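Participant: My file is upload-v9.cif. It has mmCIF, C-alpha atoms:
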data_work
#
loop_
_atom_site.label_atom_id
_atom_site.label_comp_id
_atom_site.auth_asym_id
_atom_site.auth_seq_id
_atom_site.Cartn_x
_atom_site.Cartn_y
_atom_site.Cartn_z
CA MET A 75 10.04 21.04 5.39
CA ILE A 76 8.52 17.61 5.54
CA GLU A 77 10.93 14.72 6.04
CA LEU A 78 10.11 11.54 4.19
CA ASP A 79 10.98 8.26 5.88
CA PHE A 80 13.58 6.98 3.42
CA ALA A 81 15.23 4.81 6.09
CA LYS A 82 12.39 2.30 6.35
CA GLU A 83 12.89 0.39 3.09
CA GLY A 84 16.51 0.78 2.15
CA GLY A 85 16.19 4.34 0.95
CA LEU A 86 13.23 3.92 -1.38
CA ILE A 87 9.65 5.17 -1.12
CA PRO A 88 6.85 4.35 -3.55
CA ALA A 89 5.50 7.25 -5.59
CA VAL A 90 2.11 7.05 -7.28
CA ALA A 91 1.85 9.17 -10.42
CA GLN A 92 -1.75 10.25 -10.82
CA ASP A 93 -3.24 12.27 -13.67
CA TYR A 94 -4.03 15.65 -12.09
CA GLU A 95 -7.16 16.07 -14.20
CA THR A 96 -8.73 12.61 -14.54
CA GLY A 97 -7.43 11.04 -11.32
CA ASP A 98 -6.25 7.96 -13.22
CA VAL A 99 -3.28 6.22 -11.65
CA LEU A 100 -0.67 6.27 -14.41
CA MET A 101 2.26 4.44 -12.83
CA LEU A 102 3.95 3.48 -9.62
CA ALA A 103 7.67 3.99 -9.26
CA TYR A 104 10.17 4.62 -6.48
CA ILE A 105 12.03 7.65 -5.24
CA ASN A 106 15.13 7.97 -3.14
CA GLU A 107 16.21 11.15 -1.44
CA GLU A 108 18.13 12.36 -4.49
CA SER A 109 15.16 11.90 -6.82
CA TRP A 110 12.84 13.54 -4.29
CA ASN A 111 15.07 16.60 -4.12
CA GLU A 112 15.38 16.67 -7.92
CA THR A 113 11.58 16.46 -8.26
CA LEU A 114 11.11 19.40 -5.91
CA LYS A 115 13.82 21.44 -7.61
CA SER A 116 12.85 20.75 -11.23
CA GLY A 117 9.07 20.39 -10.91
CA ARG A 118 9.37 17.24 -13.05
CA ALA A 119 8.77 13.77 -11.60
CA THR A 120 12.13 12.11 -11.05
CA TYR A 121 12.37 8.55 -9.81
CA TRP A 122 15.01 5.99 -8.94
CA SER A 123 15.28 3.17 -11.44
CA ARG A 124 15.65 -0.06 -9.51
CA SER A 125 16.66 -1.99 -12.63
CA ARG A 126 19.22 0.53 -13.90
CA LYS A 127 20.20 1.65 -10.40
CA LYS A 128 20.30 5.29 -11.37
CA LEU A 129 18.37 8.52 -11.19
CA TRP A 130 15.47 8.35 -13.63
CA LYS A 131 14.31 11.67 -14.98
CA LYS A 132 11.01 10.41 -16.33
CA GLY A 133 10.69 11.24 -20.01
CA GLU A 134 14.39 11.86 -20.57
CA SER A 135 14.44 9.33 -23.44
CA SER A 136 10.86 9.50 -24.65
CA GLY A 137 10.14 13.17 -24.09
CA ASN A 138 7.14 12.12 -22.02
CA THR A 139 8.01 14.11 -18.93
CA GLN A 140 5.66 14.56 -15.99
CA VAL A 141 4.96 18.08 -14.78
CA VAL A 142 4.24 17.90 -11.06
CA LYS A 143 1.12 19.88 -10.21
CA GLU A 144 0.64 18.75 -6.62
CA ILE A 145 2.37 16.51 -4.11
CA LEU A 146 0.57 14.57 -1.38
CA VAL A 147 2.34 12.71 1.42
CA ASP A 148 0.78 9.92 3.44
CA CYS A 149 0.28 9.67 7.18
CA ASP A 150 3.49 7.69 7.73
CA ASN A 151 5.65 9.86 5.46
CA ASP A 152 6.57 6.71 3.55
CA ALA A 153 4.53 7.07 0.35
CA VAL A 154 3.76 9.99 -1.95
CA VAL A 155 1.32 10.87 -4.71
CA PHE A 156 2.53 13.04 -7.56
CA LYS A 157 -0.42 14.65 -9.29
CA ILE A 158 1.01 15.25 -12.70
CA GLU A 159 0.42 16.45 -16.21
CA GLN A 160 1.66 13.69 -18.50
CA ILE A 161 3.44 15.28 -21.45
CA GLY A 162 3.01 13.22 -24.62
CA GLY A 163 -0.08 11.54 -23.24
CA ALA A 164 1.51 8.26 -22.18
CA ALA A 165 3.30 7.28 -18.98
CA CYS A 166 3.91 3.63 -19.84
CA HIS A 167 7.00 2.55 -21.75
CA LEU A 168 4.74 0.20 -23.72
CA GLY A 169 2.91 3.19 -25.17
CA TYR A 170 -0.20 3.12 -23.01
CA ARG A 171 -1.45 6.17 -21.15
CA SER A 172 -1.26 4.25 -17.87
CA CYS A 173 0.93 1.32 -16.86
CA PHE A 174 -2.23 -0.07 -15.24
CA PHE A 175 -3.86 -1.07 -18.52
CA THR A 176 -4.59 -4.65 -17.49
CA ARG A 177 -7.86 -5.35 -15.71
CA LEU A 178 -8.36 -8.59 -13.85
CA LYS A 179 -11.80 -9.97 -14.49
CA LYS A 180 -13.89 -11.96 -12.02
CA ASP A 181 -13.24 -15.20 -13.92
CA GLY A 182 -9.49 -14.75 -13.53
CA SER A 183 -8.87 -13.70 -17.13
CA THR A 184 -7.54 -10.26 -18.03
CA GLU A 185 -8.48 -7.57 -20.49
CA THR A 186 -6.70 -4.48 -21.76
CA VAL A 187 -8.50 -1.33 -20.69
CA GLY A 188 -6.25 1.34 -22.17
CA GLU A 189 -5.38 2.37 -25.67
CA ARG A 190 -1.90 2.69 -27.06
CA VAL A 191 -0.91 6.33 -27.44
CA PHE A 192 2.39 5.59 -29.16
CA ASN A 193 4.31 2.68 -30.59
CA PRO A 194 7.32 2.04 -28.33
CA ASP A 195 9.45 1.08 -31.35
CA ASP A 196 9.01 4.58 -32.74
CA VAL A 197 9.99 6.25 -29.49
CA TYR A 198 12.85 4.18 -28.13
CA GLY A 199 14.13 2.67 -31.39
CA LYS A 200 14.11 -1.01 -32.23
CA MET B 563 -4.69 -16.38 -14.26
CA ILE B 564 -2.28 -13.49 -14.04
CA GLU B 565 0.89 -14.13 -12.03
CA LEU B 566 2.15 -11.22 -9.98
CA ASP B 567 5.91 -10.84 -9.57
CA PHE B 568 6.19 -11.37 -5.85
CA ALA B 569 9.79 -12.51 -6.14
CA LYS B 570 11.22 -9.11 -7.04
CA GLU B 571 11.02 -7.39 -3.65
CA GLY B 572 11.10 -10.10 -1.03
CA GLY B 573 7.53 -11.22 -1.58
CA LEU B 574 5.82 -7.85 -1.36
CA ILE B 575 4.08 -5.75 -4.01
CA PRO B 576 2.65 -2.27 -3.47
CA ALA B 577 -1.12 -1.95 -3.75
CA VAL B 578 -2.76 1.42 -4.32
CA ALA B 579 -6.26 1.67 -2.87
CA GLN B 580 -8.25 4.11 -4.97
CA ASP B 581 -11.83 5.26 -4.40
CA TYR B 582 -13.79 3.63 -7.22
CA GLU B 583 -16.09 6.62 -7.54
CA THR B 584 -13.97 9.72 -6.96
CA GLY B 585 -10.58 8.35 -8.08
CA ASP B 586 -8.94 9.66 -4.90
CA VAL B 587 -5.93 7.63 -3.79
CA LEU B 588 -6.86 6.53 -0.27
CA MET B 589 -3.80 4.59 0.83
CA LEU B 590 -0.79 2.60 -0.27
CA ALA B 591 -0.07 -0.72 1.37
CA TYR B 592 1.64 -3.99 0.48
CA ILE B 593 0.41 -7.42 -0.47
CA ASN B 594 2.12 -10.77 -0.41
CA GLU B 595 0.82 -13.83 -2.21
CA GLU B 596 -1.36 -14.88 0.72
CA SER B 597 -3.06 -11.49 0.96
CA TRP B 598 -3.50 -11.36 -2.81
CA ASN B 599 -5.27 -14.72 -2.77
CA GLU B 600 -7.37 -13.67 0.20
CA THR B 601 -8.36 -10.45 -1.59
CA LEU B 602 -9.47 -12.40 -4.66
CA LYS B 603 -11.35 -14.94 -2.58
CA SER B 604 -13.08 -12.56 -0.18
CA GLY B 605 -13.57 -9.51 -2.41
CA ARG B 606 -12.22 -7.40 0.47
CA ALA B 607 -8.82 -5.70 0.28
CA THR B 608 -6.36 -7.71 2.35
CA TYR B 609 -2.79 -6.53 2.82
CA TRP B 610 0.37 -7.61 4.55
CA SER B 611 1.25 -5.53 7.57
CA ARG B 612 4.97 -4.88 7.48
CA SER B 613 5.00 -3.59 11.07
CA ARG B 614 2.94 -6.42 12.56
CA LYS B 615 4.27 -9.01 10.10
CA LYS B 616 0.88 -10.57 9.59
CA LEU B 617 -2.04 -10.74 7.23
CA TRP B 618 -4.00 -7.52 7.48
CA LYS B 619 -7.66 -7.79 6.67
CA LYS B 620 -8.27 -4.07 6.27
CA GLY B 621 -11.08 -2.95 8.56
CA GLU B 622 -10.96 -5.98 10.82
CA SER B 623 -10.55 -3.76 13.88
CA SER B 624 -12.27 -0.57 12.73
CA GLY B 625 -15.04 -2.06 10.60
CA ASN B 626 -13.80 0.10 7.74
CA THR B 627 -13.39 -2.68 5.20
CA GLN B 628 -12.69 -2.08 1.52
CA VAL B 629 -14.96 -3.74 -1.02
CA VAL B 630 -12.90 -4.40 -4.14
CA LYS B 631 -14.77 -3.22 -7.24
CA GLU B 632 -11.99 -3.55 -9.77
CA ILE B 633 -8.37 -4.69 -9.89
CA LEU B 634 -5.76 -3.25 -12.25
CA VAL B 635 -2.28 -4.70 -12.69
CA ASP B 636 0.67 -2.77 -14.09
CA CYS B 637 2.84 -3.59 -17.09
CA ASP B 638 5.52 -5.31 -14.99
CA ASN B 639 3.07 -7.29 -12.84
CA ASP B 640 4.70 -5.76 -9.78
CA ALA B 641 2.12 -3.20 -8.66
CA VAL B 642 -1.67 -3.24 -8.41
CA VAL B 643 -4.53 -0.79 -8.04
CA PHE B 644 -7.53 -1.84 -6.00
CA LYS B 645 -10.53 0.29 -6.92
CA ILE B 646 -12.56 0.07 -3.78
CA GLU B 647 -15.63 1.17 -1.92
CA GLN B 648 -14.44 2.39 1.46
CA ILE B 649 -16.90 1.23 4.10
CA GLY B 650 -17.17 3.73 6.97
CA GLY B 651 -15.85 6.52 4.80
CA ALA B 652 -12.25 6.54 6.05
CA ALA B 653 -9.22 4.50 5.00
CA CYS B 654 -6.68 6.16 7.29
CA HIS B 655 -6.15 4.95 10.85
CA LEU B 656 -5.96 8.61 11.87
CA GLY B 657 -9.59 9.04 10.88
CA TYR B 658 -9.10 10.78 7.53
CA ARG B 659 -10.76 9.58 4.35
CA SER B 660 -7.37 9.24 2.69
CA CYS B 661 -3.94 8.63 4.19
CA PHE B 662 -2.73 11.25 1.71
CA PHE B 663 -4.21 14.19 3.60
CA THR B 664 -0.98 16.20 3.68
CA ARG B 665 -0.25 18.50 0.76
CA LEU B 666 3.22 19.87 0.25
CA LYS B 667 3.06 23.52 -0.72
CA LYS B 668 5.51 25.29 -3.02
CA ASP B 669 7.15 27.10 -0.11
CA GLY B 670 7.95 23.76 1.55
CA SER B 671 5.28 24.01 4.22
CA THR B 672 2.39 21.54 4.44
CA GLU B 673 -1.35 21.80 4.78
CA THR B 674 -4.05 19.29 5.64
CA VAL B 675 -6.39 18.75 2.71
CA GLY B 676 -8.73 16.14 4.14
CA GLU B 677 -11.32 16.19 6.87
CA ARG B 678 -11.48 13.77 9.76
CA VAL B 679 -14.31 11.28 9.30
CA PHE B 680 -13.86 9.68 12.70
CA ASN B 681 -11.91 10.14 15.89
CA PRO B 682 -9.38 7.30 16.12
CA ASP B 683 -9.79 7.16 19.91
CA ASP B 684 -13.45 6.25 19.48
CA VAL B 685 -12.68 3.47 17.01
CA TYR B 686 -9.57 1.80 18.33
CA GLY B 687 -9.90 2.71 22.02
CA LYS B 688 -7.44 4.83 23.93
#
Could you quickly redo this structure as structure tokens?
Facilitator:
Amino acid sequence: MIELDFAKEGGLIPAVAQDYETGDVLMLAYINEESWNETLKSGRATYWSRSRKKLWKKGESSGNTQVVKEILVDCDNDAVVFKIEQIGGAACHLGYRSCFFTRLKKDGSTETVGERVFNPDDVYGK
Amino acid sequence: MIELDFAKEGGLIPAVAQDYETGDVLMLAYINEESWNETLKSGRATYWSRSRKKLWKKGESSGNTQVVKEILVDCDNDAVVFKIEQIGGAACHLGYRSCFFTRLKKDGSTETVGERVFNPDDVYGK
């Protein structure tokens, strides 16, 4: 079994959630050893919430879980890619398919490149 | 101009380098404000090396620079995606196209999913 290098950064490793069909990067979150083991066991992407300081079973509130189709580990064992099927169509808590919906343009301004799949008020309550 | 949240994690933000044509995730590295500014100015992906504690102009030693085609910022302004053209064909210092060349199989074993583009000994010297 592969051993991830959780020691390097205080127990956390970045995990890139990538759409297994389109290749779009949907979000970047962090895993600790507990969430890694839970991801392997459940087959659903499970992260560590740095803000709430607790295990974060992605989609537990919204229903937008992430079915893990494939896991890739990098050459230093300190970053992973979860190739996932995004249930509900949106990974971002703001209702966009991807958290990376802001494109930086050459002139320094930004534009929104994604469409809202859901209204966060409807999902999480006001 | 968008302001990234460098304060959150001691000045560093994860940057996902993604092939702008295939969508493959090639590597994950970190940027600080200096490397962010240098990336914008030069149009070449520039990171912060946590091990060497210095600005890391990707490809400076190997010639395998990364031409930044597009930049995406996430909803919390604390992660970025660099869509890049990988000069030389390989992002990984071990000679693979992607650092994520290790796939974790269901039975817990791993397999190599990428091919070596170059021999690291030829590029960096022995």
Participant: Under the rule of at most 6 Å, produce a per-residue listing of chain A near chain B: chain, number, name, the closest pair of atoms, and the distance in Å, as CSV, using only C-alpha atoms.
Facilitator:
residue,atom,partner,partner_atom,distance
A:Met75,CA,B:Gly670,CA,5.1
A:Gly97,CA,B:Gly585,CA,5.3
A:Ile145,CA,B:Leu666,CA,5.6
A:Leu146,CA,B:Arg665,CA,4.5
A:Val147,CA,B:Phe662,CA,5.3
A:Asp148,CA,B:Phe662,CA,4.1
A:Cys149,CA,B:Cys661,CA,5.3
A:Cys173,CA,B:Asp636,CA,4.9
A:Phe174,CA,B:Asp636,CA,4.1
A:Thr176,CA,B:Val635,CA,5.3
A:Arg177,CA,B:Leu634,CA,4.6
A:Leu178,CA,B:Ile633,CA,5.6
A:Gly182,CA,B:Met563,CA,5.1
A:Ser183,CA,B:Met563,CA,5.7
Participant: Rounded to one decimal place, report the atom CA of A:Val141-atom CA of A:Ala164 distance in Å.
Facilitator: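 Pair atom CA of A:Val141 / atom CA of A:Ala164 returns 12.8 Å.
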Participant: Out of A:Asn193, A:Gln160, A:Ser109, A:Ser123, which residue has the shortest atom-to-atom distance to A:Lys143 when counting all atoms listed in the file?
Facilitator: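 Of A:Asn193, A:Gln160, A:Ser109, A:Ser123, the one nearest A:Lys143, counting all atoms listed in the file, is A:Gln160.
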Participant: In Å to one decimal, how far is atom CA of B:Ile575 from atom CA of B:Ala607?
Facilitator: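 It comes out at 13.6 Å.
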Participant: What's the 7 Å shell around stretch 132-140 of chain A, counting all atoms listed in the file, without same-chain residues fewer than 3 positions away, as a list in words?
Facilitator: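 Listed by chain and then number, they are Arg118, Ala119, Thr120, Tyr121, Ile158, Glu159, Gln160, Ile161, Gly162, Ala164, Ala165, Val197 and Tyr198 of chain A.
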Participant: Any chance you could fit chain B onto chain A with least squares, all Cα atoms in order, and share the moved copy as a compact mmCIF listing (two decimals) with C-alpha atoms, keeping the file's coordinate frame?
Facilitator:
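So part.txt came out as:
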# COMPACT_ATOMS: atom_id res chain seq x y z
CA MET B 563 10.06 21.06 5.37
CA ILE B 564 8.51 17.62 5.54
CA GLU B 565 10.94 14.74 6.05
CA LEU B 566 10.12 11.55 4.19
CA ASP B 567 10.99 8.25 5.87
CA PHE B 568 13.57 6.98 3.43
CA ALA B 569 15.21 4.83 6.08
CA LYS B 570 12.39 2.30 6.35
CA GLU B 571 12.89 0.39 3.10
CA GLY B 572 16.52 0.77 2.15
CA GLY B 573 16.19 4.34 0.94
CA LEU B 574 13.23 3.91 -1.37
CA ILE B 575 9.65 5.16 -1.12
CA PRO B 576 6.85 4.34 -3.56
CA ALA B 577 5.50 7.25 -5.58
CA VAL B 578 2.11 7.04 -7.27
CA ALA B 579 1.85 9.16 -10.41
CA GLN B 580 -1.76 10.24 -10.83
CA ASP B 581 -3.24 12.28 -13.67
CA TYR B 582 -4.04 15.64 -12.09
CA GLU B 583 -7.15 16.06 -14.20
CA THR B 584 -8.73 12.62 -14.54
CA GLY B 585 -7.43 11.04 -11.31
CA ASP B 586 -6.26 7.96 -13.23
CA VAL B 587 -3.28 6.22 -11.65
CA LEU B 588 -0.67 6.26 -14.41
CA MET B 589 2.24 4.44 -12.82
CA LEU B 590 3.95 3.46 -9.61
CA ALA B 591 7.67 3.99 -9.25
CA TYR B 592 10.17 4.60 -6.47
CA ILE B 593 12.03 7.64 -5.24
CA ASN B 594 15.14 7.96 -3.13
CA GLU B 595 16.21 11.16 -1.44
CA GLU B 596 18.13 12.37 -4.48
CA SER B 597 15.17 11.92 -6.82
CA TRP B 598 12.84 13.53 -4.29
CA ASN B 599 15.06 16.61 -4.13
CA GLU B 600 15.38 16.68 -7.90
CA THR B 601 11.59 16.47 -8.26
CA LEU B 602 11.12 19.41 -5.90
CA LYS B 603 13.81 21.44 -7.62
CA SER B 604 12.85 20.75 -11.22
CA GLY B 605 9.07 20.39 -10.91
CA ARG B 606 9.37 17.24 -13.05
CA ALA B 607 8.78 13.77 -11.60
CA THR B 608 12.15 12.12 -11.05
CA TYR B 609 12.38 8.54 -9.81
CA TRP B 610 15.00 5.99 -8.94
CA SER B 611 15.28 3.17 -11.44
CA ARG B 612 15.65 -0.05 -9.51
CA SER B 613 16.66 -2.00 -12.63
CA ARG B 614 19.21 0.52 -13.90
CA LYS B 615 20.20 1.65 -10.40
CA LYS B 616 20.29 5.29 -11.37
CA LEU B 617 18.36 8.51 -11.19
CA TRP B 618 15.47 8.34 -13.62
CA LYS B 619 14.31 11.65 -14.98
CA LYS B 620 11.00 10.40 -16.34
CA GLY B 621 10.70 11.23 -20.03
CA GLU B 622 14.39 11.87 -20.58
CA SER B 623 14.46 9.34 -23.42
CA SER B 624 10.87 9.49 -24.66
CA GLY B 625 10.15 13.18 -24.10
CA ASN B 626 7.15 12.13 -22.03
CA THR B 627 8.02 14.11 -18.91
CA GLN B 628 5.65 14.56 -15.98
CA VAL B 629 4.96 18.08 -14.78
CA VAL B 630 4.24 17.90 -11.05
CA LYS B 631 1.10 19.87 -10.20
CA GLU B 632 0.64 18.75 -6.63
CA ILE B 633 2.38 16.51 -4.10
CA LEU B 634 0.57 14.57 -1.38
CA VAL B 635 2.34 12.71 1.42
CA ASP B 636 0.78 9.91 3.44
CA CYS B 637 0.28 9.68 7.19
CA ASP B 638 3.49 7.69 7.74
CA ASN B 639 5.64 9.86 5.46
CA ASP B 640 6.57 6.72 3.55
CA ALA B 641 4.53 7.06 0.35
CA VAL B 642 3.75 9.98 -1.95
CA VAL B 643 1.31 10.87 -4.71
CA PHE B 644 2.53 13.04 -7.55
CA LYS B 645 -0.42 14.65 -9.30
CA ILE B 646 1.01 15.25 -12.71
CA GLU B 647 0.42 16.45 -16.22
CA GLN B 648 1.66 13.70 -18.50
CA ILE B 649 3.44 15.29 -21.45
CA GLY B 650 3.01 13.22 -24.63
CA GLY B 651 -0.07 11.55 -23.25
CA ALA B 652 1.52 8.26 -22.17
CA ALA B 653 3.30 7.27 -18.96
CA CYS B 654 3.92 3.62 -19.83
CA HIS B 655 7.01 2.56 -21.76
CA LEU B 656 4.74 0.20 -23.71
CA GLY B 657 2.94 3.19 -25.17
CA TYR B 658 -0.20 3.12 -23.00
CA ARG B 659 -1.46 6.15 -21.14
CA SER B 660 -1.27 4.24 -17.87
CA CYS B 661 0.92 1.32 -16.84
CA PHE B 662 -2.24 -0.08 -15.24
CA PHE B 663 -3.86 -1.06 -18.52
CA THR B 664 -4.59 -4.65 -17.47
CA ARG B 665 -7.86 -5.35 -15.70
CA LEU B 666 -8.35 -8.59 -13.85
CA LYS B 667 -11.82 -9.96 -14.50
CA LYS B 668 -13.89 -11.97 -12.03
CA ASP B 669 -13.26 -15.20 -13.93
CA GLY B 670 -9.50 -14.74 -13.53
CA SER B 671 -8.87 -13.71 -17.12
CA THR B 672 -7.52 -10.26 -18.04
CA GLU B 673 -8.48 -7.57 -20.49
CA THR B 674 -6.69 -4.48 -21.76
CA VAL B 675 -8.50 -1.33 -20.70
CA GLY B 676 -6.23 1.32 -22.16
CA GLU B 677 -5.39 2.37 -25.67
CA ARG B 678 -1.90 2.69 -27.07
CA VAL B 679 -0.90 6.34 -27.43
CA PHE B 680 2.38 5.59 -29.15
CA ASN B 681 4.30 2.69 -30.60
CA PRO B 682 7.31 2.05 -28.35
CA ASP B 683 9.44 1.10 -31.36
CA ASP B 684 9.00 4.59 -32.78
CA VAL B 685 9.99 6.26 -29.51
CA TYR B 686 12.83 4.19 -28.16
CA GLY B 687 14.11 2.68 -31.42
CA LYS B 688 14.13 -1.00 -32.22
Participant: Please measure the separation of atom CA of B:Lys603 and atom CA of B:Phe644, giving the value in Å to one decimal.
Facilitator: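 Answer for the atom CA of B:Lys603 to atom CA of B:Phe644 separation: 14.1 Å.
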Participant: For the point (-1.0, 4.1, -27.4) in file coordinates, what residues are within 7 Å, counting all atoms listed in the file? Give the answer as JSON, numbers by chain?
Facilitator: {"A": [169, 170, 171, 189, 190, 191, 192, 193]}
Participant: Given the file shown, enumerate the residues that the PyMOL selection byres ((chain B and resi 568) around 10) captures and present them as a ChimeraX atom specification.
Facilitator: /B:565-567,569-575,593-595,639-641
Participant: Would you output that residue set with C-alpha atoms, as a PDB file, in the coordinates of the input?
Facilitator:
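Done, and the output landed in out-v2.pdb:
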ATOM      1  CA  GLU B 565       0.890 -14.130 -12.030  1.00  0.00           C
ATOM      2  CA  LEU B 566       2.150 -11.220  -9.980  1.00  0.00           C
ATOM      3  CA  ASP B 567       5.910 -10.840  -9.570  1.00  0.00           C
ATOM      4  CA  ALA B 569       9.790 -12.510  -6.140  1.00  0.00           C
ATOM      5  CA  LYS B 570      11.220  -9.110  -7.040  1.00  0.00           C
ATOM      6  CA  GLU B 571      11.020  -7.390  -3.650  1.00  0.00           C
ATOM      7  CA  GLY B 572      11.100 -10.100  -1.030  1.00  0.00           C
ATOM      8  CA  GLY B 573       7.530 -11.220  -1.580  1.00  0.00           C
ATOM      9  CA  LEU B 574       5.820  -7.850  -1.360  1.00  0.00           C
ATOM     10  CA  ILE B 575       4.080  -5.750  -4.010  1.00  0.00           C
ATOM     11  CA  ILE B 593       0.410  -7.420  -0.470  1.00  0.00           C
ATOM     12  CA  ASN B 594       2.120 -10.770  -0.410  1.00  0.00           C
ATOM     13  CA  GLU B 595       0.820 -13.830  -2.210  1.00  0.00           C
ATOM     14  CA  ASN B 639       3.070  -7.290 -12.840  1.00  0.00           C
ATOM     15  CA  ASP B 640       4.700  -5.760  -9.780  1.00  0.00           C
ATOM     16  CA  ALA B 641       2.120  -3.200  -8.660  1.00  0.00           C
TER      17      ALA B 641
END
Participant: Grab all the atoms of stretch 623-640 of chain B that the file lists, wrap them in a box along x, y and z, add 3 Å per side, and give me centre plus edge lengths in Å (one decimal) as JSON.
Facilitator:
{"center_x": -4.8, "center_y": -3.6, "center_z": -1.6, "size_x": 26.6, "size_y": 13.4, "size_z": 37.0}
